>>> print(open('data03.csv').read())   # CSV, C-alpha atoms and all ligand atoms
chain,number,residue,atom,x,y,z
A,859,MET,CA,-5.1,229.8,18.2
A,860,LYS,CA,-5.3,226.2,16.9
A,861,ASN,CA,-6.5,225.9,13.4
A,862,ALA,CA,-9.3,223.5,12.4
A,863,LYS,CA,-6.8,221.2,10.7
A,864,SER,CA,-4.8,220.6,13.8
A,865,LEU,CA,-8.0,220.0,15.9
A,866,LEU,CA,-9.2,217.4,13.3
A,867,LYS,CA,-5.8,215.7,13.5
A,868,LYS,CA,-6.0,215.6,17.3
A,869,LYS,CA,-9.5,214.1,17.2
A,870,ALA,CA,-8.5,211.4,14.7
A,871,GLN,CA,-5.9,209.9,17.1
A,872,PRO,CA,-7.0,206.5,18.5
A,873,ALA,CA,-7.8,206.4,22.2
A,874,ARG,CA,-4.8,205.2,24.2
A,875,LYS,CA,-5.1,201.9,26.0
A,876,LYS,CA,-4.5,202.0,29.7
A,877,ARG,CA,-1.0,200.6,30.3
A,878,LEU,CA,-0.8,197.8,32.8
A,879,PRO,CA,1.8,198.3,35.5
A,880,ARG,CA,5.0,196.3,35.0
A,881,ARG,CA,5.2,193.1,37.0
A,882,VAL,CA,7.7,193.4,39.8
A,883,TYR,CA,7.5,189.8,40.9
A,884,ASN,CA,7.7,186.9,38.5
A,885,GLU,CA,5.3,183.9,38.7
A,886,GLN,CA,7.7,181.8,40.7
A,887,GLU,CA,8.2,184.6,43.3
A,888,VAL,CA,4.4,185.1,43.6
A,889,ARG,CA,3.9,181.4,44.2
A,890,HIS,CA,6.7,181.4,46.7
A,891,ILE,CA,5.1,184.3,48.6
A,892,PHE,CA,1.7,182.5,48.8
A,893,LYS,CA,3.4,179.2,49.7
A,894,ARG,CA,4.8,180.9,52.8
A,895,PHE,CA,1.3,182.3,53.7
A,896,GLU,CA,-0.1,178.8,53.2
A,897,LYS,CA,2.5,177.3,55.5
A,898,GLN,CA,1.7,179.8,58.2
A,899,ASN,CA,-2.0,179.4,57.9
A,900,PRO,CA,-3.2,176.5,55.6
A,901,GLU,CA,-7.0,177.3,56.0
A,902,PRO,CA,-7.3,181.0,56.5
A,903,LYS,CA,-10.8,182.2,57.6
A,904,GLY,CA,-12.5,185.6,57.6
A,905,GLU,CA,-12.9,187.0,61.1
A,906,LEU,CA,-16.5,188.2,60.8
A,907,ASP,CA,-18.9,186.0,62.7
A,908,HIS,CA,-22.0,184.8,60.8
A,909,VAL,CA,-24.3,181.8,60.8
A,910,ASN,CA,-25.4,181.7,57.1
A,911,GLU,CA,-25.0,183.5,53.8
A,912,TYR,CA,-27.5,186.2,54.8
A,913,THR,CA,-25.8,187.0,58.1
A,914,LEU,CA,-22.5,187.0,56.3
A,915,LEU,CA,-23.8,189.6,53.8
A,916,VAL,CA,-25.2,191.8,56.7
A,917,ALA,CA,-21.9,191.5,58.7
A,918,VAL,CA,-19.8,192.6,55.7
A,919,VAL,CA,-22.2,195.5,55.1
A,920,LEU,CA,-21.8,196.5,58.7
A,921,SER,CA,-18.0,196.2,58.6
A,922,ALA,CA,-17.4,199.2,56.3
A,923,GLN,CA,-15.2,201.6,58.2
A,924,ALA,CA,-15.4,199.4,61.3
A,925,THR,CA,-13.3,196.6,62.8
A,926,ASP,CA,-14.4,193.0,62.6
A,927,VAL,CA,-14.1,192.8,66.4
A,928,GLY,CA,-16.6,195.7,66.8
A,929,VAL,CA,-19.0,194.2,64.3
A,930,ASN,CA,-18.9,190.8,66.0
A,931,LYS,CA,-19.7,192.4,69.3
A,932,ALA,CA,-22.8,194.1,67.8
A,933,THR,CA,-24.0,191.1,65.8
A,934,LYS,CA,-23.6,188.6,68.5
A,935,ASP,CA,-27.1,189.3,69.9
A,936,LEU,CA,-28.6,190.6,66.7
A,937,PHE,CA,-28.1,187.4,64.7
A,938,LYS,CA,-29.6,185.4,67.6
A,939,ILE,CA,-32.9,186.9,66.9
A,940,ALA,CA,-32.6,188.0,63.2
A,941,ASP,CA,-30.8,185.5,61.0
A,942,THR,CA,-33.1,185.7,58.0
A,943,PRO,CA,-34.3,188.7,55.9
A,944,GLU,CA,-37.9,188.2,57.2
A,945,LYS,CA,-36.8,188.2,60.9
A,946,MET,CA,-34.7,191.4,60.3
A,947,VAL,CA,-37.6,193.2,58.6
A,948,ALA,CA,-39.9,192.1,61.4
A,949,LEU,CA,-37.4,193.5,63.9
A,950,GLY,CA,-37.5,196.9,62.2
A,951,GLU,CA,-35.0,199.7,61.6
A,952,ASP,CA,-35.2,201.3,65.1
A,953,LYS,CA,-34.4,198.0,66.9
A,954,VAL,CA,-31.6,197.1,64.4
A,955,ARG,CA,-30.2,200.6,65.1
A,956,GLU,CA,-30.1,199.8,68.8
A,957,TYR,CA,-28.2,196.6,68.3
A,958,ILE,CA,-25.6,198.2,66.1
A,959,LYS,CA,-25.2,201.6,67.7
A,960,THR,CA,-21.6,200.9,68.7
A,961,ILE,CA,-20.6,200.7,65.0
A,962,GLY,CA,-19.7,203.8,62.9
A,963,LEU,CA,-22.4,205.0,60.5
A,964,TYR,CA,-24.9,202.8,62.3
A,965,LYS,CA,-28.0,204.9,61.3
A,966,ALA,CA,-27.3,204.5,57.5
A,967,LYS,CA,-26.2,200.9,58.0
A,968,ALA,CA,-29.5,200.0,59.8
A,969,LYS,CA,-31.5,201.6,57.0
A,970,ASN,CA,-29.5,199.6,54.4
A,971,VAL,CA,-29.8,196.3,56.3
A,972,ILE,CA,-33.6,196.7,56.3
A,973,ALA,CA,-33.7,197.8,52.7
A,974,LEU,CA,-31.5,195.0,51.4
A,975,SER,CA,-33.5,192.5,53.4
A,976,GLU,CA,-36.7,193.7,51.8
A,977,ARG,CA,-35.2,193.4,48.4
A,978,LEU,CA,-34.0,189.8,49.1
A,979,ILE,CA,-37.5,188.9,50.2
A,980,ALA,CA,-39.3,190.7,47.3
A,981,ASP,CA,-36.9,189.7,44.4
A,982,TYR,CA,-34.8,186.7,45.4
A,983,ASN,CA,-36.9,184.4,47.4
A,984,SER,CA,-35.1,185.5,50.6
A,985,SER,CA,-31.8,184.1,49.5
A,986,VAL,CA,-28.5,185.8,48.7
A,987,PRO,CA,-27.8,185.7,45.0
A,988,ALA,CA,-24.4,184.4,43.8
A,989,ASP,CA,-24.1,187.2,41.3
A,990,ARG,CA,-21.9,190.3,41.5
A,991,ASP,CA,-24.2,192.7,39.6
A,992,ILE,CA,-27.2,191.8,41.7
A,993,LEU,CA,-25.3,191.9,44.9
A,994,GLU,CA,-23.9,195.4,44.0
A,995,SER,CA,-27.4,196.6,43.3
A,996,LEU,CA,-28.4,195.9,46.9
A,997,PRO,CA,-28.5,198.9,49.3
A,998,GLY,CA,-25.1,199.3,51.1
A,999,VAL,CA,-23.3,196.7,49.0
A,1000,GLY,CA,-20.3,197.7,47.0
A,1001,ARG,CA,-17.8,195.8,45.0
A,1002,LYS,CA,-15.7,194.8,48.0
A,1003,THR,CA,-18.7,193.4,49.9
A,1004,ALA,CA,-19.9,191.5,46.9
A,1005,ASN,CA,-16.4,190.0,46.4
A,1006,VAL,CA,-16.2,188.9,50.0
A,1007,VAL,CA,-19.7,187.2,49.8
A,1008,LEU,CA,-19.0,185.6,46.5
A,1009,ASN,CA,-15.7,184.2,47.9
A,1010,MET,CA,-16.8,183.1,51.3
A,1011,ALA,CA,-20.4,182.0,50.6
A,1012,PHE,CA,-20.1,180.7,47.1
A,1013,GLY,CA,-16.4,179.7,46.7
A,1014,GLN,CA,-15.8,182.1,43.8
A,1015,LEU,CA,-12.2,183.1,43.1
A,1016,THR,CA,-12.7,186.8,43.9
A,1017,ILE,CA,-10.2,189.2,45.5
A,1018,ALA,CA,-11.9,191.6,47.8
A,1019,VAL,CA,-9.7,194.7,48.1
A,1020,ASP,CA,-10.0,196.4,51.5
A,1021,THR,CA,-7.6,198.8,53.1
A,1022,HIS,CA,-5.1,196.0,53.9
A,1023,LEU,CA,-5.0,194.6,50.4
A,1024,PHE,CA,-4.8,198.1,48.9
A,1025,ARG,CA,-1.8,199.0,51.1
A,1026,ILE,CA,0.0,195.7,50.6
A,1027,GLY,CA,-0.6,195.7,46.8
A,1028,ASN,CA,1.1,199.1,46.6
A,1029,ARG,CA,3.6,198.9,49.4
A,1030,ILE,CA,5.3,195.7,48.3
A,1031,LYS,CA,4.5,196.4,44.7
A,1032,LEU,CA,2.7,193.0,44.3
A,1033,ALA,CA,-0.4,194.7,42.7
A,1034,PRO,CA,0.1,198.4,42.4
A,1035,GLY,CA,-2.8,200.6,41.5
A,1036,LYS,CA,-4.3,204.0,42.2
A,1037,THR,CA,-7.8,202.7,43.0
A,1038,PRO,CA,-9.1,199.6,44.7
A,1039,LEU,CA,-10.4,198.3,41.4
A,1040,ASP,CA,-6.9,198.7,39.8
A,1041,VAL,CA,-5.4,196.8,42.7
A,1042,GLU,CA,-8.1,194.1,42.5
A,1043,LEU,CA,-7.4,193.6,38.8
A,1044,ALA,CA,-3.7,193.6,39.3
A,1045,PHE,CA,-4.0,190.9,42.0
A,1046,GLU,CA,-6.4,188.9,39.7
A,1047,ARG,CA,-3.7,189.1,37.0
A,1048,ILE,CA,-0.7,187.9,39.1
A,1049,ILE,CA,-2.3,185.3,41.4
A,1050,PRO,CA,-2.7,181.9,39.8
A,1051,ASP,CA,-6.2,180.5,40.0
A,1052,ASP,CA,-5.2,177.5,42.0
A,1053,ILE,CA,-4.2,179.8,45.0
A,1054,LYS,CA,-6.8,182.5,44.4
A,1055,TYR,CA,-9.5,181.1,46.7
A,1056,HIS,CA,-7.6,181.8,49.9
A,1057,ALA,CA,-5.5,184.7,48.6
A,1058,HIS,CA,-7.5,187.6,49.9
A,1059,HIS,CA,-7.7,186.1,53.4
A,1060,TRP,CA,-4.0,185.5,53.5
A,1061,LEU,CA,-3.4,189.1,52.4
A,1062,ILE,CA,-5.9,190.6,54.9
A,1063,LEU,CA,-4.3,188.7,57.8
A,1064,HIS,CA,-0.8,189.6,56.7
A,1065,GLY,CA,-1.9,193.3,56.5
A,1066,ARG,CA,-3.8,193.3,59.8
A,1067,TYR,CA,-1.2,191.6,61.9
A,1068,ILE,CA,2.2,192.0,60.2
A,1069,CYS,CA,2.5,194.4,57.3
A,1070,LYS,CA,0.6,197.1,59.3
A,1071,ALA,CA,-0.2,200.5,58.1
A,1072,ARG,CA,2.0,202.6,60.4
A,1073,LYS,CA,4.8,200.3,61.2
A,1074,PRO,CA,5.2,197.0,59.4
A,1075,GLU,CA,6.6,194.3,61.6
A,1076,CYS,CA,9.2,193.1,59.1
A,1077,GLU,CA,11.2,191.2,61.7
A,1078,ARG,CA,8.2,188.8,62.1
A,1079,CYS,CA,7.4,188.7,58.4
A,1080,VAL,CA,7.5,185.3,56.7
A,1081,ILE,CA,8.2,186.9,53.3
A,1082,ALA,CA,10.8,189.3,54.5
A,1083,ASP,CA,13.4,187.9,52.0
A,1084,LEU,CA,11.0,188.0,49.1
A,1085,CYS,CA,9.4,191.4,49.7
A,1086,LYS,CA,10.6,194.2,47.4
A,1087,SER,CA,9.3,197.1,49.4
A,1088,LYS,CA,11.5,200.1,50.0
A,1089,GLU,CA,10.0,200.3,53.5
A,1090,LYS,CA,11.1,196.9,54.7
A,1091,THR,CA,13.5,196.9,57.6
A,1092,ASN,CA,14.5,193.2,57.7
A,1093,ASP,CA,15.6,190.7,55.1
A,1094,THR,CA,15.4,187.5,57.1
A,1095,PRO,CA,12.2,185.6,57.7
A,1096,PRO,CA,11.6,183.8,61.0
A,1097,PRO,CA,13.1,180.3,61.5
A,1098,GLY,CA,11.1,177.7,59.6
A,1099,TYR,CA,10.6,180.0,56.7
A,1100,GLN,CA,14.2,180.5,55.6
A,1101,TYR,CA,14.2,178.5,52.4
A,1201,LIG,S1,9.1,192.7,54.9
A,1201,LIG,FE1,8.0,194.4,55.9
A,1201,LIG,S2,7.2,195.6,54.2
A,1201,LIG,FE2,7.7,193.6,53.3
A,1201,LIG,S3,5.8,192.4,53.4
A,1201,LIG,FE3,7.0,192.0,55.3
A,1201,LIG,S4,6.2,193.4,56.8
A,1201,LIG,FE4,5.5,194.2,54.8
>>> encode(input="data03.csv", output="structure tokens")
Amino acid sequence: MKNAKSLLKKKAQPARKKRLPRRVYNEQEVRHIFKRFEKQNPEPKGELDHVNEYTLLVAVVLSAQATDVGVNKATKDLFKIADTPEKMVALGEDKVREYIKTIGLYKAKAKNVIALSERLIADYNSSVPADRDILESLPGVGRKTANVVLNMAFGQLTIAVDTHLFRIGNRIKLAPGKTPLDVELAFERIIPDDIKYHAHHWLILHGRYICKARKPECERCVIADLCKSKEKTNDTPPPGYQY
């Protein structure tokens, strides 16, 4: 059995700081990667349809565990008649549910859309606040949703980590981490501010269309020569990107 002295000694030890993962890419390599993405798509856009900040927030809430294409199909008619919190509340939860019933978790999402619209009306003059803590306090809004809205609606330099960013961060070791927050902070650390605004869209598009979950299409990849993933199957980027 441990004696009191050894227990005291153990308690007196200072808490260990969490060690940051070692950088696998130097600053120049990171810039080079994002230069390629920029060349491929100078003005990347999110693929969720919306007509204002409020409908962007609703669309992102609806997109949890659903595809952007599926959300766009459902919101096409919904946003025609409900593009403000007041109109959404007037429509009511049952009707919202009908519009979005093709999306996964639609019952809970309809409830959240109504509840968050009521909060916006009651506390924020029906506008979407440009504040992470407030956004995260709204029903159905997590850190990723808040980051997307802050970036797309308010131009903030946030990195929204979805399934694609989480996979790429770890697969190519650009921003390794065990949790989405670890990966977000790792991306924050390595991506220079002057390229942060578009960074998460470039990474989402790269993950969605090229560096796919099951089988990355390395032969079509514009960063094939720069990538340090053990999974890559090709070292040569397409013509036009070989520099
Ligand atoms: S080379 Fe392959 S693994 Fe590396 S980023 Fe490109 S698609 Fe992904």
>>> residues_near_ligand(input="data03.csv", ligand="ligand LIG 1201 (chain A)", cutoff="8 Å", atoms="only C-alpha atoms and all ligand atoms", output="PDB file with C-alpha atoms, in the coordinates of the input")
ATOM      1  CA  ILE A1026       0.000 195.700  50.600  1.00  0.00           C
ATOM      2  CA  ARG A1029       3.600 198.900  49.400  1.00  0.00           C
ATOM      3  CA  ILE A1030       5.300 195.700  48.300  1.00  0.00           C
ATOM      4  CA  HIS A1064      -0.800 189.600  56.700  1.00  0.00           C
ATOM      5  CA  GLY A1065      -1.900 193.300  56.500  1.00  0.00           C
ATOM      6  CA  ILE A1068       2.200 192.000  60.200  1.00  0.00           C
ATOM      7  CA  CYS A1069       2.500 194.400  57.300  1.00  0.00           C
ATOM      8  CA  LYS A1070       0.600 197.100  59.300  1.00  0.00           C
ATOM      9  CA  PRO A1074       5.200 197.000  59.400  1.00  0.00           C
ATOM     10  CA  GLU A1075       6.600 194.300  61.600  1.00  0.00           C
ATOM     11  CA  CYS A1076       9.200 193.100  59.100  1.00  0.00           C
ATOM     12  CA  GLU A1077      11.200 191.200  61.700  1.00  0.00           C
ATOM     13  CA  ARG A1078       8.200 188.800  62.100  1.00  0.00           C
ATOM     14  CA  CYS A1079       7.400 188.700  58.400  1.00  0.00           C
ATOM     15  CA  VAL A1080       7.500 185.300  56.700  1.00  0.00           C
ATOM     16  CA  ILE A1081       8.200 186.900  53.300  1.00  0.00           C
ATOM     17  CA  ALA A1082      10.800 189.300  54.500  1.00  0.00           C
ATOM     18  CA  ASP A1083      13.400 187.900  52.000  1.00  0.00           C
ATOM     19  CA  LEU A1084      11.000 188.000  49.100  1.00  0.00           C
ATOM     20  CA  CYS A1085       9.400 191.400  49.700  1.00  0.00           C
ATOM     21  CA  LYS A1086      10.600 194.200  47.400  1.00  0.00           C
ATOM     22  CA  SER A1087       9.300 197.100  49.400  1.00  0.00           C
ATOM     23  CA  LYS A1088      11.500 200.100  50.000  1.00  0.00           C
ATOM     24  CA  GLU A1089      10.000 200.300  53.500  1.00  0.00           C
ATOM     25  CA  LYS A1090      11.100 196.900  54.700  1.00  0.00           C
ATOM     26  CA  THR A1091      13.500 196.900  57.600  1.00  0.00           C
ATOM     27  CA  ASN A1092      14.500 193.200  57.700  1.00  0.00           C
ATOM     28  CA  ASP A1093      15.600 190.700  55.100  1.00  0.00           C
TER      29      ASP A1093
END
>>> closest_residue(input="data03.csv", among="A:Lys1031, A:Val1041, A:Ala1018, A:Arg1047", to="Val1006 of chain A", atoms="only C-alpha atoms")
A:Ala1018
>>> residues_around(input="data03.csv", residues="segment 958-974 of chain A", least_positions_apart="4", cutoff="12 Å", atoms="only C-alpha atoms", output="ChimeraX atom specification")
/A:912-937,940-954,978-982,984-987,992-1000
>>> atom_distance(input="data03.csv", atom1="atom CA of Glu901 of chain A", atom2="atom CA of Trp1060 of chain A")
9.1 Å
>>> atom_distance(input="data03.csv", atom1="atom CA of Leu1063 of chain A", atom2="atom CA of Asp1020 of chain A")
11.5 Å
>>> closest_residue(input="data03.csv", among="A:Val882, A:Gly1098, A:Arg889, A:Tyr1055", to="Asn1009 of chain A", atoms="all atoms listed in the file")
A:Tyr1055
>>> closest_residue(input="data03.csv", among="A:Glu911, A:Tyr1101, A:Pro1096, A:His1022", to="His1059 of chain A", atoms="all atoms listed in the file")
A:His1022
>>> axis_aligned_box(input="data03.csv", around="segment 917-920 of chain A", padding_each_side="3 Å", output="JSON")
{"center_x": -21.0, "center_y": 194.0, "center_z": 56.9, "size_x": 8.4, "size_y": 11.0, "size_z": 9.6}
>>> closest_residue(input="data03.csv", among="A:Lys903, A:Lys1002, A:His1058, A:Lys897", to="Glu1046 of chain A", atoms="only C-alpha atoms")
A:His1058
>>> atom_distance(input="data03.csv", atom1="atom CA of Phe1045 of chain A", atom2="atom CA of Thr1094 of chain A")
24.8 Å
>>> residues_around(input="data03.csv", residues="Leu1043 of chain A", least_positions_apart="2", cutoff="12 Å", atoms="only C-alpha atoms", output="list of chain:residue names")
A:Leu878, A:Pro879, A:Thr1016, A:Ile1017, A:Ala1018, A:Val1019, A:Leu1023, A:Phe1024, A:Gly1027, A:Leu1032, A:Ala1033, A:Pro1034, A:Gly1035, A:Lys1036, A:Thr1037, A:Pro1038, A:Leu1039, A:Asp1040, A:Val1041, A:Phe1045, A:Glu1046, A:Arg1047, A:Ile1048, A:Ile1049
>>> closest_residue(input="data03.csv", among="A:Arg881, A:Arg894, A:Met1010, A:Val909", to="Tyr1099 of chain A", atoms="all atoms listed in the file")
A:Arg894
